[in-house]
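Below: target_19.cif (mmCIF, C-alpha atoms)
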```cif
data_target
#
loop_
_atom_site.group_PDB
_atom_site.id
_atom_site.type_symbol
_atom_site.label_atom_id
_atom_site.label_comp_id
_atom_site.auth_asym_id
_atom_site.auth_seq_id
_atom_site.Cartn_x
_atom_site.Cartn_y
_atom_site.Cartn_z
ATOM 1 C CA MET A 1 0.000 0.000 0.000
ATOM 2 C CA ALA A 2 1.503 3.268 -1.055
ATOM 3 C CA ILE A 3 0.906 6.517 0.761
ATOM 4 C CA SER A 4 0.793 9.797 -1.080
ATOM 5 C CA ARG A 5 2.623 12.979 -0.185
ATOM 6 C CA GLU A 6 -0.753 14.673 0.371
ATOM 7 C CA GLU A 7 -1.715 12.025 2.934
ATOM 8 C CA VAL A 8 1.591 12.522 4.762
ATOM 9 C CA GLU A 9 0.989 16.278 4.756
ATOM 10 C CA LYS A 10 -2.471 15.689 6.265
ATOM 11 C CA VAL A 11 -1.053 13.381 8.969
ATOM 12 C CA ALA A 12 1.644 15.968 9.740
ATOM 13 C CA LEU A 13 -1.015 18.661 10.019
ATOM 14 C CA LEU A 14 -3.114 16.526 12.367
ATOM 15 C CA ALA A 15 -0.014 15.760 14.463
ATOM 16 C CA ARG A 16 0.891 19.444 14.457
ATOM 17 C CA LEU A 17 4.234 18.788 12.797
ATOM 18 C CA GLN A 18 5.944 21.284 10.535
ATOM 19 C CA LEU A 19 7.849 19.333 7.904
ATOM 20 C CA ASP A 20 9.894 20.852 5.113
ATOM 21 C CA ASP A 21 10.013 19.338 1.607
ATOM 22 C CA ALA A 22 12.959 17.032 2.378
ATOM 23 C CA GLU A 23 11.308 15.764 5.563
ATOM 24 C CA LEU A 24 8.023 15.212 3.726
ATOM 25 C CA ALA A 25 9.819 13.145 1.082
ATOM 26 C CA THR A 26 11.606 11.101 3.767
ATOM 27 C CA MET A 27 8.428 10.562 5.782
ATOM 28 C CA THR A 28 6.478 9.570 2.670
ATOM 29 C CA GLU A 29 9.065 6.915 1.865
ATOM 30 C CA GLN A 30 9.353 5.657 5.455
ATOM 31 C CA LEU A 31 5.606 5.519 6.074
ATOM 32 C CA GLY A 32 5.181 3.723 2.744
ATOM 33 C CA ASP A 33 7.748 1.121 3.874
ATOM 34 C CA ILE A 34 5.952 0.670 7.192
ATOM 35 C CA LEU A 35 2.576 0.226 5.494
ATOM 36 C CA ALA A 36 4.086 -2.266 3.039
ATOM 37 C CA TYR A 37 5.476 -4.291 5.951
ATOM 38 C CA VAL A 38 2.112 -4.265 7.753
ATOM 39 C CA GLU A 39 0.460 -5.397 4.525
ATOM 40 C CA LEU A 40 3.029 -8.211 4.298
ATOM 41 C CA LEU A 41 2.205 -9.273 7.862
ATOM 42 C CA GLY A 42 -1.464 -9.361 6.914
ATOM 43 C CA GLU A 43 -0.708 -12.161 4.451
ATOM 44 C CA LEU A 44 0.390 -14.525 7.237
ATOM 45 C CA ASP A 45 -1.890 -17.404 8.226
ATOM 46 C CA THR A 46 -2.784 -16.715 11.858
ATOM 47 C CA ALA A 47 -5.702 -19.126 12.090
ATOM 48 C CA GLY A 48 -4.000 -21.288 14.743
ATOM 49 C CA VAL A 49 -2.494 -18.443 16.728
ATOM 50 C CA GLU A 50 -4.222 -17.513 19.970
ATOM 51 C CA PRO A 51 -4.845 -13.775 20.331
ATOM 52 C CA MET A 52 -2.941 -12.095 23.145
ATOM 53 C CA ALA A 53 -3.274 -8.825 24.982
ATOM 54 C CA HIS A 54 0.406 -8.490 25.830
ATOM 55 C CA ALA A 55 3.628 -9.698 24.230
ATOM 56 C CA LEU A 56 4.964 -11.013 27.557
ATOM 57 C CA ASP A 57 3.403 -13.134 30.273
ATOM 58 C CA VAL A 58 2.144 -10.715 32.889
ATOM 59 C CA CYS A 59 1.523 -11.832 36.433
ATOM 60 C CA ASP A 60 -0.353 -10.049 39.171
ATOM 61 C CA VAL A 61 2.083 -8.619 41.719
ATOM 62 C CA PHE A 62 -0.547 -7.477 44.206
ATOM 63 C CA ARG A 63 -1.423 -9.389 47.349
ATOM 64 C CA THR A 64 -4.844 -10.932 47.685
ATOM 65 C CA ASP A 65 -7.513 -8.635 49.024
ATOM 66 C CA ALA A 66 -8.493 -10.350 52.252
ATOM 67 C CA ALA A 67 -10.387 -8.996 55.265
ATOM 68 C CA ARG A 68 -8.332 -8.657 58.446
ATOM 69 C CA GLU A 69 -8.511 -7.018 61.836
ATOM 70 C CA SER A 70 -8.435 -3.243 61.838
ATOM 71 C CA LEU A 71 -6.509 -0.981 64.187
ATOM 72 C CA ASP A 72 -8.681 -0.152 67.203
ATOM 73 C CA ARG A 73 -9.808 3.444 67.687
ATOM 74 C CA GLU A 74 -7.627 4.236 70.733
ATOM 75 C CA LYS A 75 -4.438 3.144 68.977
ATOM 76 C CA ALA A 76 -5.387 5.018 65.802
ATOM 77 C CA LEU A 77 -6.015 8.246 67.727
ATOM 78 C CA ALA A 78 -3.080 7.838 70.158
ATOM 79 C CA ASN A 79 -0.609 10.002 68.205
ATOM 80 C CA ALA A 80 -3.106 12.494 66.783
ATOM 81 C CA PRO A 81 -2.345 16.063 67.840
ATOM 82 C CA LYS A 82 -6.095 16.714 68.301
ATOM 83 C CA HIS A 83 -9.016 14.323 68.516
ATOM 84 C CA ASP A 84 -12.404 14.140 70.175
ATOM 85 C CA GLY A 85 -12.247 10.482 71.144
ATOM 86 C CA LYS A 86 -13.969 9.387 67.948
ATOM 87 C CA CYS A 87 -12.361 11.330 65.081
ATOM 88 C CA TYR A 88 -9.298 13.358 64.170
ATOM 89 C CA ARG A 89 -9.727 17.112 64.647
ATOM 90 C CA VAL A 90 -8.286 19.293 61.883
ATOM 91 C CA PRO A 91 -8.543 23.003 61.148
ATOM 92 C CA ALA A 92 -11.584 24.024 59.123
ATOM 93 C CA VAL A 93 -10.756 24.525 55.460
ATOM 94 C CA LEU A 94 -14.041 25.788 54.058
ATOM 95 C CA GLY A 95 -15.232 27.876 56.991
ATOM 96 C CA GLU A 96 -16.033 27.704 60.663
ATOM 97 C CA SER A 97 -17.126 24.449 62.227
#
```
Can you dump the structure from the file as structure tokens?
Amino acid sequence: MAISREEVEKVALLARLQLDDAELATMTEQLGDILAYVELLGELDTAGVEPMAHALDVCDVFRTDAARESLDREKALANAPKHDGKCYRVPAVLGES
């Protein structure tokens, strides 16, 4: 599949690239080569190939999400500069409280 100079100019415009005449000629040739290679890949028989979402095997590195005991309220509030016995006390941000 060949790509025209006008199509490369349109892609450059959409990508907000300013290309001079030499760069346009180079990009036209290089994009044409890329499209030819993709077209060549399209000729391969992939009927027996399983589709994949990633080129490498990806494993989950996170721990399992399991319920466990929480920190009790007294220990959680022990080092708070201000608290009311139930919650942390912080300065009002949006007005008086």
### Query
How many Å lie between atom CA of A:Arg5 and atom CA of A:Ala25, rounded to one decimal?
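Those two atoms sit 7.3 Å apart.
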### Message
List the spatial neighbours of stretch 8-15 of chain A as a PyMOL selection string - criterion: any atom at most 8 Å away, all atoms listed in the file, same-chain residues fewer than 3 positions off excluded.
### Response
chain A and resi 3-5+18-19+24+27-28
Got time to write the residues from that selection, C-alpha atoms, as an mmCIF file, in the coordinates of the input?
```
data_model
loop_
_atom_site.group_PDB
_atom_site.id
_atom_site.type_symbol
_atom_site.label_atom_id
_atom_site.label_comp_id
_atom_site.auth_asym_id
_atom_site.auth_seq_id
_atom_site.Cartn_x
_atom_site.Cartn_y
_atom_site.Cartn_z
ATOM 1 C CA ILE A 3 0.906 6.517 0.761
ATOM 2 C CA SER A 4 0.793 9.797 -1.080
ATOM 3 C CA ARG A 5 2.623 12.979 -0.185
ATOM 4 C CA GLN A 18 5.944 21.284 10.535
ATOM 5 C CA LEU A 19 7.849 19.333 7.904
ATOM 6 C CA LEU A 24 8.023 15.212 3.726
ATOM 7 C CA MET A 27 8.428 10.562 5.782
ATOM 8 C CA THR A 28 6.478 9.570 2.670
#
```
### Message
Env of stretch 90-93 of chain A: 10 Å cut, atoms = only C-alpha atoms, seq-sep filter 6 positions within chain, self excluded. Answer as a list of chain:residue names.
### Response
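Neighbouring residues, sequence-local ones excluded: A:Ala80, A:Pro81, A:Lys82, A:His83.
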### Task
Enter the distance from atom CA of A:Leu17 to atom CA of A:Glu39, in Å, rounded to one decimal.
25.8 Å
Please return the centre and edge lengths, in Å to one decimal, of a box with edges along x, y and z that contains all listed atoms of stretch 77-81 of chain A, widened by 3 Å on every side, as AutoDock Vina command-line options.
```
--center_x -3.3 --center_y 12.0 --center_z 68.5 --size_x 11.4 --size_y 14.2 --size_z 9.4
```
### Query
atom CA of A:Ala2 to atom CA of A:Ile34: how many Å, to one decimal?
9.7 Å
Kindly output stretch 62-91 of chain A as an mmCIF file, in the coordinates of the input, after building N, CA and C atoms.
```cif
data_model
loop_
_atom_site.group_PDB
_atom_site.id
_atom_site.type_symbol
_atom_site.label_atom_id
_atom_site.label_comp_id
_atom_site.auth_asym_id
_atom_site.auth_seq_id
_atom_site.Cartn_x
_atom_site.Cartn_y
_atom_site.Cartn_z
ATOM 1 N N PHE A 62 0.139 -7.961 43.019
ATOM 2 C CA PHE A 62 -0.547 -7.477 44.206
ATOM 3 C C PHE A 62 -0.940 -8.638 45.110
ATOM 4 N N ARG A 63 -0.995 -8.356 46.404
ATOM 5 C CA ARG A 63 -1.423 -9.389 47.349
ATOM 6 C C ARG A 63 -2.927 -9.588 47.215
ATOM 7 N N THR A 64 -3.411 -10.683 47.735
ATOM 8 C CA THR A 64 -4.844 -10.932 47.685
ATOM 9 C C THR A 64 -5.548 -9.951 48.618
ATOM 10 N N ASP A 65 -6.724 -9.563 48.241
ATOM 11 C CA ASP A 65 -7.513 -8.635 49.024
ATOM 12 C C ASP A 65 -8.336 -9.441 50.013
ATOM 13 N N ALA A 66 -7.831 -9.540 51.239
ATOM 14 C CA ALA A 66 -8.493 -10.350 52.252
ATOM 15 C C ALA A 66 -8.833 -9.469 53.453
ATOM 16 N N ALA A 67 -9.978 -9.740 54.073
ATOM 17 C CA ALA A 67 -10.387 -8.996 55.265
ATOM 18 C C ALA A 67 -9.483 -9.388 56.422
ATOM 19 N N ARG A 68 -9.142 -8.392 57.250
ATOM 20 C CA ARG A 68 -8.332 -8.657 58.446
ATOM 21 C C ARG A 68 -8.700 -7.651 59.525
ATOM 22 N N GLU A 69 -8.212 -7.890 60.716
ATOM 23 C CA GLU A 69 -8.511 -7.018 61.836
ATOM 24 C C GLU A 69 -7.991 -5.612 61.587
ATOM 25 N N SER A 70 -8.798 -4.633 61.988
ATOM 26 C CA SER A 70 -8.435 -3.243 61.838
ATOM 27 C C SER A 70 -7.787 -2.746 63.124
ATOM 28 N N LEU A 71 -7.094 -1.631 63.026
ATOM 29 C CA LEU A 71 -6.509 -0.981 64.187
ATOM 30 C C LEU A 71 -7.644 -0.432 65.046
ATOM 31 N N ASP A 72 -7.599 -0.666 66.377
ATOM 32 C CA ASP A 72 -8.681 -0.152 67.203
ATOM 33 C C ASP A 72 -8.582 1.372 67.344
ATOM 34 N N ARG A 73 -9.693 1.996 67.691
ATOM 35 C CA ARG A 73 -9.808 3.444 67.687
ATOM 36 C C ARG A 73 -8.793 4.117 68.604
ATOM 37 N N GLU A 74 -8.563 3.603 69.800
ATOM 38 C CA GLU A 74 -7.627 4.236 70.733
ATOM 39 C C GLU A 74 -6.216 4.269 70.173
ATOM 40 N N LYS A 75 -5.780 3.186 69.560
ATOM 41 C CA LYS A 75 -4.438 3.144 68.977
ATOM 42 C C LYS A 75 -4.335 4.075 67.768
ATOM 43 N N ALA A 76 -5.414 4.153 66.986
ATOM 44 C CA ALA A 76 -5.387 5.018 65.802
ATOM 45 C C ALA A 76 -5.324 6.488 66.197
ATOM 46 N N LEU A 77 -5.984 6.848 67.293
ATOM 47 C CA LEU A 77 -6.015 8.246 67.727
ATOM 48 C C LEU A 77 -4.889 8.596 68.693
ATOM 49 N N ALA A 78 -4.093 7.628 69.118
ATOM 50 C CA ALA A 78 -3.080 7.838 70.158
ATOM 51 C C ALA A 78 -2.076 8.932 69.805
ATOM 52 N N ASN A 79 -1.618 9.018 68.587
ATOM 53 C CA ASN A 79 -0.609 10.002 68.205
ATOM 54 C C ASN A 79 -1.178 11.220 67.496
ATOM 55 N N ALA A 80 -2.489 11.341 67.438
ATOM 56 C CA ALA A 80 -3.106 12.494 66.783
ATOM 57 C C ALA A 80 -2.914 13.729 67.645
ATOM 58 N N PRO A 81 -2.515 14.853 67.045
ATOM 59 C CA PRO A 81 -2.345 16.063 67.840
ATOM 60 C C PRO A 81 -3.664 16.516 68.482
ATOM 61 N N LYS A 82 -4.783 16.359 67.764
ATOM 62 C CA LYS A 82 -6.095 16.714 68.301
ATOM 63 C C LYS A 82 -7.093 15.647 67.884
ATOM 64 N N HIS A 83 -7.926 15.252 68.825
ATOM 65 C CA HIS A 83 -9.016 14.323 68.516
ATOM 66 C C HIS A 83 -10.105 14.508 69.554
ATOM 67 N N ASP A 84 -11.283 14.013 69.245
ATOM 68 C CA ASP A 84 -12.404 14.140 70.175
ATOM 69 C C ASP A 84 -12.813 12.796 70.750
ATOM 70 N N GLY A 85 -11.944 11.815 70.645
ATOM 71 C CA GLY A 85 -12.247 10.482 71.144
ATOM 72 C C GLY A 85 -12.841 9.574 70.084
ATOM 73 N N LYS A 86 -13.390 10.169 69.039
ATOM 74 C CA LYS A 86 -13.969 9.387 67.948
ATOM 75 C C LYS A 86 -13.260 9.653 66.623
ATOM 76 N N CYS A 87 -12.903 10.932 66.373
ATOM 77 C CA CYS A 87 -12.361 11.330 65.081
ATOM 78 C C CYS A 87 -11.162 12.243 65.260
ATOM 79 N N TYR A 88 -10.382 12.384 64.195
ATOM 80 C CA TYR A 88 -9.298 13.358 64.170
ATOM 81 C C TYR A 88 -9.905 14.755 64.088
ATOM 82 N N ARG A 89 -9.298 15.722 64.744
ATOM 83 C CA ARG A 89 -9.727 17.112 64.647
ATOM 84 C C ARG A 89 -8.698 17.855 63.811
ATOM 85 N N VAL A 90 -9.162 18.527 62.769
ATOM 86 C CA VAL A 90 -8.286 19.293 61.883
ATOM 87 C C VAL A 90 -8.868 20.673 61.724
ATOM 88 N N PRO A 91 -8.033 21.652 61.362
ATOM 89 C CA PRO A 91 -8.543 23.003 61.148
ATOM 90 C C PRO A 91 -9.571 23.029 60.016
#
```
